[in-house]
Amino acid sequence: MGGGMVRIAMECEKRSGGDKTQVMEEPIWTMFCNGKKSGFGVKREPTEEDLRVMRTLHVVSMGAGVIPEEKEEEVHPEGELAYMRAHFERVVGSRDSETYYMMNPDGNSGPELSLFFVRV
């Protein structure tokens with residue numbers, strides 16, 4: 001993000017039949033980073049490793065850093081996991097779109113990171 005604003009768009013397809021699923025409950029997403037297709041996302045249950053990371057970050061209110069891995073041969077081959085925790089403002093555009101803006105704590109500039117979730 002040192003190179004300016006980062007925009008991540010997560011797109012999924014609308015289902016026929018007037019499905020009442022909330023946009024954040026969609027199971028499969030296509031990811032775009034600054035307009036370039038970057039991969040896919042799948043909704044899943046958290047793993048034990050995910051829960052361990054969340055317990056570790058529970059006391060962090062804002063910031064970025066690195067969590068050292070307990071056992072190098074496990075999930076993170078480099079032996080560490082980078083994290084960023086911040087305040088996000090949520091904007092609901094319609095039942096088919098939600099946006100999260102990471103707000104800069106100094107309040108002087110706009111968001112550095114924007115996450116868009118859109119059904120198309």
# chains A, B, ... in the order shown; residues from 1 in each chain; ligands from 1

$ select_by_dssp --residues "chain A" --states "strand (DSSP E or B)" --output "count of residues only"
52

$ closest_atom_pairs --of "segment 65-118 of chain A" --to "segment 49-57 of chain A" --cutoff "9 Å" --atoms "only C-alpha atoms" --output "Markdown table"
| residue | atom | partner | partner_atom | distance |
| --- | --- | --- | --- | --- |
| A:Ile67 | CA | A:Val53 | CA | 8.2 |
| A:Val75 | CA | A:Glu49 | CA | 8.0 |
| A:Leu81 | CA | A:Val53 | CA | 9.0 |
| A:Tyr83 | CA | A:Leu57 | CA | 8.8 |
| A:Arg85 | CA | A:Leu57 | CA | 8.3 |

$ write_last_selection --atoms "N, CA and C atoms" --output "compact mmCIF listing (two decimals), in the first residue's frame"
# COMPACT_ATOMS: atom_id res chain seq x y z
N ILE A 67 3.60 -11.92 13.18
CA ILE A 67 3.43 -12.92 14.24
C ILE A 67 4.39 -14.05 13.91
N VAL A 75 2.10 -24.17 8.93
CA VAL A 75 1.36 -23.45 7.90
C VAL A 75 2.20 -22.42 7.15
N LEU A 81 3.89 -14.64 10.05
CA LEU A 81 2.65 -14.23 9.39
C LEU A 81 2.48 -12.72 9.56
N TYR A 83 0.41 -9.23 9.51
CA TYR A 83 -0.98 -8.86 9.76
C TYR A 83 -1.14 -7.34 9.70
N ARG A 85 -4.26 -4.62 11.20
CA ARG A 85 -5.55 -4.47 11.86
C ARG A 85 -5.88 -2.99 11.88

$ atom_distance --atom1 "atom CA of Leu115 of chain A" --atom2 "atom CA of Lys37 of chain A"
14.2 Å

$ select_by_dssp --residues "segment 6-111 of chain A" --states "alpha helix (DSSP H)" --output "mmCIF file with N, CA, C and O atoms, in the first residue's frame"
data_model
loop_
_atom_site.group_PDB
_atom_site.id
_atom_site.type_symbol
_atom_site.label_atom_id
_atom_site.label_comp_id
_atom_site.auth_asym_id
_atom_site.auth_seq_id
_atom_site.Cartn_x
_atom_site.Cartn_y
_atom_site.Cartn_z
ATOM 1 N N GLU A 48 -8.150 -24.212 12.916
ATOM 2 C CA GLU A 48 -7.556 -24.007 14.236
ATOM 3 C C GLU A 48 -6.468 -22.932 14.166
ATOM 4 O O GLU A 48 -6.326 -22.115 15.066
ATOM 5 N N GLU A 49 -5.708 -22.909 13.059
ATOM 6 C CA GLU A 49 -4.672 -21.880 12.857
ATOM 7 C C GLU A 49 -5.304 -20.489 12.759
ATOM 8 O O GLU A 49 -4.797 -19.525 13.328
ATOM 9 N N ASP A 50 -6.426 -20.364 12.034
ATOM 10 C CA ASP A 50 -7.128 -19.085 11.928
ATOM 11 C C ASP A 50 -7.546 -18.591 13.308
ATOM 12 O O ASP A 50 -7.386 -17.416 13.649
ATOM 13 N N LEU A 51 -8.098 -19.492 14.106
ATOM 14 C CA LEU A 51 -8.554 -19.131 15.452
ATOM 15 C C LEU A 51 -7.394 -18.737 16.349
ATOM 16 O O LEU A 51 -7.508 -17.808 17.152
ATOM 17 N N ARG A 52 -6.245 -19.412 16.191
ATOM 18 C CA ARG A 52 -5.063 -19.060 16.990
ATOM 19 C C ARG A 52 -4.600 -17.641 16.664
ATOM 20 O O ARG A 52 -4.293 -16.848 17.550
ATOM 21 N N VAL A 53 -4.586 -17.299 15.368
ATOM 22 C CA VAL A 53 -4.181 -15.955 14.953
ATOM 23 C C VAL A 53 -5.161 -14.922 15.515
ATOM 24 O O VAL A 53 -4.746 -13.880 16.039
ATOM 25 N N MET A 54 -6.453 -15.190 15.438
ATOM 26 C CA MET A 54 -7.443 -14.233 15.958
ATOM 27 C C MET A 54 -7.320 -14.061 17.469
ATOM 28 O O MET A 54 -7.472 -12.955 17.987
ATOM 29 N N ARG A 55 -7.032 -15.139 18.199
ATOM 30 C CA ARG A 55 -6.813 -15.015 19.654
ATOM 31 C C ARG A 55 -5.576 -14.158 19.925
ATOM 32 O O ARG A 55 -5.569 -13.341 20.842
ATOM 33 N N THR A 56 -4.542 -14.339 19.123
ATOM 34 C CA THR A 56 -3.310 -13.560 19.288
ATOM 35 C C THR A 56 -3.572 -12.073 19.042
ATOM 36 O O THR A 56 -3.082 -11.213 19.766
ATOM 37 N N LEU A 57 -4.363 -11.757 18.013
ATOM 38 C CA LEU A 57 -4.624 -10.365 17.644
ATOM 39 C C LEU A 57 -5.760 -9.725 18.431
ATOM 40 O O LEU A 57 -6.049 -8.545 18.235
#

$ closest_atom_pairs --of "segment 18-79 of chain A" --to "segment 94-104 of chain A" --cutoff "9 Å" --atoms "only C-alpha atoms" --output "JSON lines"
{"residue": "A:Lys20", "atom": "CA", "partner": "A:Arg95", "partner_atom": "CA", "distance": 9.0}
{"residue": "A:Gln22", "atom": "CA", "partner": "A:Arg95", "partner_atom": "CA", "distance": 6.9}
{"residue": "A:Val23", "atom": "CA", "partner": "A:Asp96", "partner_atom": "CA", "distance": 5.7}
{"residue": "A:Met24", "atom": "CA", "partner": "A:Glu98", "partner_atom": "CA", "distance": 8.0}
